[in-house]
$ cat start.cif   # mmCIF, C-alpha atoms
data_structure
#
loop_
_atom_site.group_PDB
_atom_site.id
_atom_site.type_symbol
_atom_site.label_atom_id
_atom_site.label_comp_id
_atom_site.auth_asym_id
_atom_site.auth_seq_id
_atom_site.Cartn_x
_atom_site.Cartn_y
_atom_site.Cartn_z
ATOM 1 C CA MET A 1 97.110 101.063 -0.295
ATOM 2 C CA LEU A 2 95.165 97.841 0.145
ATOM 3 C CA GLN A 3 91.975 97.333 -1.797
ATOM 4 C CA ARG A 4 88.798 96.206 -0.046
ATOM 5 C CA PRO A 5 88.730 92.760 -1.674
ATOM 6 C CA PHE A 6 91.836 91.834 0.338
ATOM 7 C CA ALA A 7 90.317 92.705 3.741
ATOM 8 C CA PRO A 8 88.686 89.260 4.333
ATOM 9 C CA LEU A 9 91.934 87.541 3.305
ATOM 10 C CA ILE A 10 93.988 89.710 5.642
ATOM 11 C CA SER A 11 91.518 89.035 8.484
ATOM 12 C CA LEU A 12 91.770 85.299 7.871
ATOM 13 C CA VAL A 13 95.589 85.376 7.852
ATOM 14 C CA MET A 14 95.653 87.429 11.072
ATOM 15 C CA MET A 15 93.210 85.041 12.757
ATOM 16 C CA ILE A 16 95.316 82.010 11.810
ATOM 17 C CA ALA A 17 98.493 83.751 13.014
ATOM 18 C CA LEU A 18 96.898 84.581 16.368
ATOM 19 C CA LEU A 19 95.666 81.009 16.785
ATOM 20 C CA ILE A 20 99.119 79.612 15.998
ATOM 21 C CA LEU A 21 100.849 82.048 18.347
ATOM 22 C CA GLY A 22 98.358 81.303 21.106
ATOM 23 C CA ALA A 23 98.819 77.545 20.697
ATOM 24 C CA CYS A 24 102.624 77.798 20.646
ATOM 25 C CA SER A 25 103.030 80.125 23.601
ATOM 26 C CA GLY A 26 101.756 77.709 26.228
ATOM 27 C CA GLY A 27 100.195 80.783 27.742
ATOM 28 C CA GLY A 28 100.455 79.787 31.369
ATOM 29 C CA GLY A 29 96.771 80.557 31.860
ATOM 30 C CA ILE A 30 96.820 83.759 29.847
ATOM 31 C CA PRO A 31 93.816 84.009 27.528
ATOM 32 C CA THR A 32 94.382 84.586 23.855
ATOM 33 C CA ALA A 33 92.073 86.809 21.849
ATOM 34 C CA VAL A 34 90.751 86.141 18.384
ATOM 35 C CA VAL A 35 89.484 89.219 16.528
ATOM 36 C CA THR A 36 87.160 88.750 13.612
ATOM 37 C CA SER A 37 85.945 91.369 11.209
ATOM 38 C CA THR A 38 82.995 91.427 8.900
ATOM 39 C CA PRO A 39 83.005 92.471 5.276
ATOM 40 C CA GLY A 40 81.792 95.919 4.335
ATOM 41 C CA ASN A 41 81.600 98.903 6.636
ATOM 42 C CA LEU A 42 80.445 97.052 9.753
ATOM 43 C CA PRO A 43 82.703 97.295 12.792
ATOM 44 C CA PRO A 44 84.588 94.168 13.843
ATOM 45 C CA THR A 45 82.871 91.849 16.267
ATOM 46 C CA PRO A 46 84.167 91.964 19.820
ATOM 47 C CA PRO A 47 87.112 89.674 20.541
ATOM 48 C CA THR A 48 86.427 86.265 21.959
ATOM 49 C CA THR A 49 88.774 84.743 24.493
ATOM 50 C CA THR A 50 89.918 81.189 24.758
ATOM 51 C CA PRO A 51 91.677 80.249 28.001
ATOM 52 C CA VAL A 52 94.930 78.379 27.551
ATOM 53 C CA THR A 53 95.839 76.130 30.455
ATOM 54 C CA ALA A 54 99.326 75.186 31.510
ATOM 55 C CA PRO A 55 100.392 71.538 31.630
ATOM 56 C CA THR A 56 99.950 69.786 34.975
ATOM 57 C CA GLY A 57 102.683 70.610 37.479
ATOM 58 C CA VAL A 58 103.729 73.884 35.855
ATOM 59 C CA PRO A 59 103.156 76.968 37.993
ATOM 60 C CA THR A 60 100.825 79.475 36.388
ATOM 61 C CA SER A 61 101.850 82.480 38.456
ATOM 62 C CA MET A 62 105.066 84.129 39.522
ATOM 63 C CA PRO A 63 105.982 84.449 43.194
ATOM 64 C CA THR A 64 104.501 87.568 44.714
ATOM 65 C CA THR A 65 107.541 88.418 46.834
ATOM 66 C CA THR A 66 109.192 91.493 45.466
ATOM 67 C CA ALA A 67 111.907 93.447 47.189
ATOM 68 C CA SER A 68 111.819 97.153 47.787
ATOM 69 C CA PRO A 69 113.854 99.226 45.328
ATOM 70 C CA ASP A 70 116.280 100.140 48.147
ATOM 71 C CA ALA A 71 116.899 96.549 49.240
ATOM 72 C CA PRO A 72 120.581 95.617 48.975
ATOM 73 C CA THR A 73 122.291 92.819 47.107
ATOM 74 C CA ILE A 74 125.045 91.445 49.334
ATOM 75 C CA THR A 75 128.085 89.430 48.268
ATOM 76 C CA LEU A 76 130.692 87.794 50.502
ATOM 77 C CA GLU A 77 133.828 86.435 48.865
ATOM 78 C CA THR A 78 136.156 84.503 51.166
ATOM 79 C CA THR A 79 139.703 83.879 49.910
ATOM 80 C CA GLY A 80 143.186 83.115 51.191
ATOM 81 C CA THR A 81 144.659 80.683 53.717
ATOM 82 C CA ILE A 82 147.402 78.256 52.883
ATOM 83 C CA ALA A 83 144.800 76.076 51.103
ATOM 84 C CA GLY A 84 143.910 78.860 48.651
ATOM 85 C CA ILE A 85 140.186 78.833 49.314
ATOM 86 C CA ARG A 86 137.634 80.782 47.318
ATOM 87 C CA GLU A 87 134.032 80.790 48.491
ATOM 88 C CA LEU A 88 131.374 83.071 47.070
ATOM 89 C CA LEU A 89 127.985 83.832 48.640
ATOM 90 C CA SER A 90 125.468 86.188 47.034
ATOM 91 C CA ILE A 91 122.152 87.254 48.531
ATOM 92 C CA ASP A 92 119.684 89.155 46.357
ATOM 93 C CA PRO A 93 116.846 91.436 47.528
ATOM 94 C CA ASN A 94 114.340 88.572 47.239
ATOM 95 C CA ARG A 95 116.413 86.581 49.802
ATOM 96 C CA ASN A 96 117.688 84.129 47.177
ATOM 97 C CA THR A 97 121.197 82.873 47.821
ATOM 98 C CA GLU A 98 123.843 81.516 45.508
ATOM 99 C CA PHE A 99 126.909 79.793 46.950
ATOM 100 C CA SER A 100 129.939 78.265 45.263
ATOM 101 C CA THR A 101 133.487 77.153 46.003
ATOM 102 C CA ARG A 102 136.346 76.038 43.792
ATOM 103 C CA GLN A 103 135.395 72.422 44.514
ATOM 104 C CA THR A 104 131.602 72.530 44.422
ATOM 105 C CA PRO A 105 129.061 73.688 41.870
ATOM 106 C CA VAL A 106 126.720 76.578 42.538
ATOM 107 C CA THR A 107 123.964 75.861 45.052
ATOM 108 C CA HIS A 108 120.791 77.911 45.393
ATOM 109 C CA ASN A 109 118.824 78.464 48.562
ATOM 110 C CA ASN A 110 116.853 81.116 50.451
ATOM 111 C CA ILE A 111 117.247 82.885 53.750
ATOM 112 C CA THR A 112 114.399 83.877 56.023
ATOM 113 C CA PRO A 113 112.851 87.339 55.950
ATOM 114 C CA GLN A 114 114.241 87.872 59.477
ATOM 115 C CA GLN A 115 117.794 86.971 58.407
ATOM 116 C CA TYR A 116 117.588 89.418 55.512
ATOM 117 C CA ALA A 117 116.152 92.164 57.752
ATOM 118 C CA ASP A 118 118.968 91.560 60.251
ATOM 119 C CA LEU A 119 121.539 91.896 57.451
ATOM 120 C CA GLU A 120 119.982 95.170 56.301
ATOM 121 C CA ALA A 121 120.024 96.503 59.862
ATOM 122 C CA GLN A 122 123.662 95.477 60.327
ATOM 123 C CA ILE A 123 124.678 97.173 57.060
ATOM 124 C CA ARG A 124 123.094 100.385 58.374
ATOM 125 C CA LYS A 125 124.677 99.941 61.812
ATOM 126 C CA ALA A 126 128.108 99.487 60.224
ATOM 127 C CA ASP A 127 127.532 102.630 58.106
ATOM 128 C CA PHE A 128 128.805 100.415 55.310
ATOM 129 C CA PHE A 129 129.056 103.008 52.539
ATOM 130 C CA ASN A 130 131.327 105.183 54.726
ATOM 131 C CA LEU A 131 133.775 102.432 55.731
ATOM 132 C CA LYS A 132 137.365 102.292 54.525
ATOM 133 C CA ASP A 133 137.981 99.999 51.554
ATOM 134 C CA ASN A 134 140.515 97.797 53.350
ATOM 135 C CA TYR A 135 141.142 96.626 56.912
ATOM 136 C CA ASP A 136 144.488 94.789 56.978
ATOM 137 C CA THR A 137 147.804 95.438 58.722
ATOM 138 C CA GLY A 138 149.461 93.228 56.102
ATOM 139 C CA ASN A 139 151.560 91.167 58.489
ATOM 140 C CA VAL A 140 149.914 87.720 58.051
ATOM 141 C CA SER A 141 151.037 85.748 54.994
ATOM 142 C CA ASP A 142 148.298 83.088 54.931
ATOM 143 C CA ASP A 143 145.399 85.191 56.221
ATOM 144 C CA ARG A 144 141.765 84.670 55.319
ATOM 145 C CA TYR A 145 140.167 87.636 53.520
ATOM 146 C CA TYR A 146 136.507 88.625 53.525
ATOM 147 C CA LYS A 147 135.442 90.863 50.664
ATOM 148 C CA ILE A 148 131.942 92.224 51.225
ATOM 149 C CA THR A 149 130.153 94.053 48.414
ATOM 150 C CA VAL A 150 126.843 95.819 48.950
ATOM 151 C CA GLN A 151 124.850 97.191 46.007
ATOM 152 C CA GLN A 152 121.990 99.409 47.039
ATOM 153 C CA GLY A 153 120.085 102.349 45.595
ATOM 154 C CA GLY A 154 122.281 102.672 42.497
ATOM 155 C CA LYS A 155 125.579 102.606 44.380
ATOM 156 C CA ALA A 156 128.026 99.860 45.259
ATOM 157 C CA LYS A 157 130.791 99.550 47.852
ATOM 158 C CA THR A 158 133.341 96.802 48.476
ATOM 159 C CA VAL A 159 135.215 96.405 51.749
ATOM 160 C CA THR A 160 137.985 93.842 52.308
ATOM 161 C CA VAL A 161 138.837 92.615 55.819
ATOM 162 C CA ALA A 162 141.739 90.354 56.778
ATOM 163 C CA GLU A 163 140.599 87.888 59.428
ATOM 164 C CA VAL A 164 143.738 88.090 61.587
ATOM 165 C CA GLY A 165 145.587 91.082 60.139
ATOM 166 C CA GLY A 166 142.488 93.276 60.291
ATOM 167 C CA GLU A 167 140.966 92.071 63.547
ATOM 168 C CA SER A 168 142.260 94.904 65.740
ATOM 169 C CA ILE A 169 141.487 97.707 63.255
ATOM 170 C CA THR A 170 138.094 96.619 61.900
ATOM 171 C CA PRO A 171 135.000 98.320 63.393
ATOM 172 C CA GLN A 172 132.927 95.916 65.494
ATOM 173 C CA PRO A 173 129.699 96.402 63.467
ATOM 174 C CA LEU A 174 131.588 95.279 60.344
ATOM 175 C CA LEU A 175 132.985 92.239 62.174
ATOM 176 C CA ASP A 176 129.423 91.434 63.273
ATOM 177 C CA LEU A 177 128.221 91.693 59.647
ATOM 178 C CA ILE A 178 130.953 89.277 58.554
ATOM 179 C CA LYS A 179 129.973 86.867 61.348
ATOM 180 C CA MET A 180 126.334 86.970 60.175
ATOM 181 C CA LEU A 181 127.304 86.341 56.539
ATOM 182 C CA VAL A 182 129.641 83.444 57.452
ATOM 183 C CA LYS A 183 126.837 81.861 59.494
ATOM 184 C CA ILE A 184 124.427 82.159 56.546
ATOM 185 C CA GLN A 185 127.108 80.743 54.240
ATOM 186 C CA LYS A 186 127.406 77.645 56.428
ATOM 187 C CA GLU A 187 123.612 77.209 56.467
ATOM 188 C CA VAL A 188 123.137 77.434 52.693
ATOM 189 C CA SER A 189 126.226 75.492 51.572
#
$ encode --input "start.cif" --output "structure tokens"
Amino acid sequence: MLQRPFAPLISLVMMIALLILGACSGGGGIPTAVVTSTPGNLPPTPPTTTPVTAPTGVPTSMPTTTASPDAPTITLETTGTIAGIRELLSIDPNRNTEFSTRQTPVTHNNITPQQYADLEAQIRKADFFNLKDNYDTGNVSDDRYYKITVQQGGKAKTVTVAEVGGESITPQPLLDLIKMLVKIQKEVS
């Protein structure tokens, strides 16, 4: 157990540590507290706060847009053709997009709230989580394939559609969802 003579030393060390941590953190506008104590049986003095400001040009707050817990993450992977394409589009619940191909690096963008709402509505209209896993008659050797993955509410489902070989057997709401995703892909690439 610590003896009383060490209390002022411990208080001093803690104060220095807090000052160092506060100076190193950058803080982003978050105040740091310094607690001082007095010798004897007196209670510590109330903490004092020192605002720490962020350097010029650095945002001091996070964006306030947050998605609902049931908002889906949507991925479209396009592969196939004689050229051997591979394109990948991901859209997260905050409407952030990530797009890449074999030839280009990843690009980041955003879609509008209306585009995201339309995608959500189309996923519901297609009854996505009750679709078959694959729509392809298998008779086209250099077909283009769309693999759509939706993650929502703790579950995930992937559906693959062949552009030509699956055209006559794919439900129209799913074809409409693919058309929407391909349009977004062209806009953000």
$ residues_around --input "start.cif" --residues "stretch 113-119 of chain A" --least-positions-apart "4" --cutoff "8 Å" --atoms "all atoms listed in the file" --output "ChimeraX atom specification"
/A:95,123,177,180
$ closest_residue --input "start.cif" --among "A:Pro72, A:Pro173, A:Gly166, A:Pro105" --to "A:Lys125" --atoms "only C-alpha atoms"
A:Pro173
$ resolve_selection --input "start.cif" --expression "the PyMOL selection byres ((chain A and resi 175) around 12)" --output "PyMOL selection string"
chain A and resi 122-123+125-126+128+135+146-148+159-164+166-174+176-182
$ atom_distance --input "start.cif" --atom1 "atom CA of A:Ile82" --atom2 "atom CA of A:Arg144"
8.9 Å
$ atom_distance --input "start.cif" --atom1 "atom CA of A:Asp142" --atom2 "atom CA of A:Ala156"
28.0 Å
$ resolve_selection --input "start.cif" --expression "the PyMOL selection byres ((chain A and resi 110) around 9)" --output "mmCIF file with C-alpha atoms, in the coordinates of the input"
data_model
loop_
_atom_site.group_PDB
_atom_site.id
_atom_site.type_symbol
_atom_site.label_atom_id
_atom_site.label_comp_id
_atom_site.auth_asym_id
_atom_site.auth_seq_id
_atom_site.Cartn_x
_atom_site.Cartn_y
_atom_site.Cartn_z
ATOM 1 C CA ILE A 91 122.152 87.254 48.531
ATOM 2 C CA ASN A 94 114.340 88.572 47.239
ATOM 3 C CA ARG A 95 116.413 86.581 49.802
ATOM 4 C CA ASN A 96 117.688 84.129 47.177
ATOM 5 C CA THR A 97 121.197 82.873 47.821
ATOM 6 C CA GLU A 98 123.843 81.516 45.508
ATOM 7 C CA HIS A 108 120.791 77.911 45.393
ATOM 8 C CA ASN A 109 118.824 78.464 48.562
ATOM 9 C CA ILE A 111 117.247 82.885 53.750
ATOM 10 C CA THR A 112 114.399 83.877 56.023
ATOM 11 C CA VAL A 188 123.137 77.434 52.693
#
$ residues_around --input "start.cif" --residues "A:Thr79" --least-positions-apart "5" --cutoff "8 Å" --atoms "only C-alpha atoms" --output "mmCIF file with C-alpha atoms, in the coordinates of the input"
data_model
loop_
_atom_site.group_PDB
_atom_site.id
_atom_site.type_symbol
_atom_site.label_atom_id
_atom_site.label_comp_id
_atom_site.auth_asym_id
_atom_site.auth_seq_id
_atom_site.Cartn_x
_atom_site.Cartn_y
_atom_site.Cartn_z
ATOM 1 C CA GLY A 84 143.910 78.860 48.651
ATOM 2 C CA ILE A 85 140.186 78.833 49.314
ATOM 3 C CA ARG A 86 137.634 80.782 47.318
ATOM 4 C CA GLU A 87 134.032 80.790 48.491
ATOM 5 C CA ARG A 144 141.765 84.670 55.319
ATOM 6 C CA TYR A 145 140.167 87.636 53.520
ATOM 7 C CA TYR A 146 136.507 88.625 53.525
#
$ closest_residue --input "start.cif" --among "A:Gln152, A:Asn139, A:Gln185, A:Thr158" --to "A:Ala71" --atoms "all atoms listed in the file"
A:Gln152
$ closest_residue --input "start.cif" --among "A:Glu187, A:Gly138, A:Glu120, A:Leu131" --to "A:Ser68" --atoms "only C-alpha atoms"
A:Glu120
$ atom_distance --input "start.cif" --atom1 "atom CA of A:Arg102" --atom2 "atom CA of A:Asp133"
25.2 Å
$ residues_around --input "start.cif" --residues "A:Phe99" --least-positions-apart "5" --cutoff "7 Å" --atoms "only C-alpha atoms" --output "PDB file with C-alpha atoms, in the frame of the given file"
ATOM      1  CA  LEU A  88     131.374  83.071  47.070  1.00  0.00           C
ATOM      2  CA  LEU A  89     127.985  83.832  48.640  1.00  0.00           C
ATOM      3  CA  SER A  90     125.468  86.188  47.034  1.00  0.00           C
ATOM      4  CA  VAL A 106     126.720  76.578  42.538  1.00  0.00           C
ATOM      5  CA  THR A 107     123.964  75.861  45.052  1.00  0.00           C
ATOM      6  CA  HIS A 108     120.791  77.911  45.393  1.00  0.00           C
ATOM      7  CA  SER A 189     126.226  75.492  51.572  1.00  0.00           C
TER       8      SER A 189
END
$ axis_aligned_box --input "start.cif" --around "stretch 176-188 of chain A" --padding-each-side "8 Å" --output "AutoDock Vina command-line options"
--center_x 127.0 --center_y 84.5 --center_z 58.0 --size_x 23.8 --size_y 30.5 --size_z 26.6
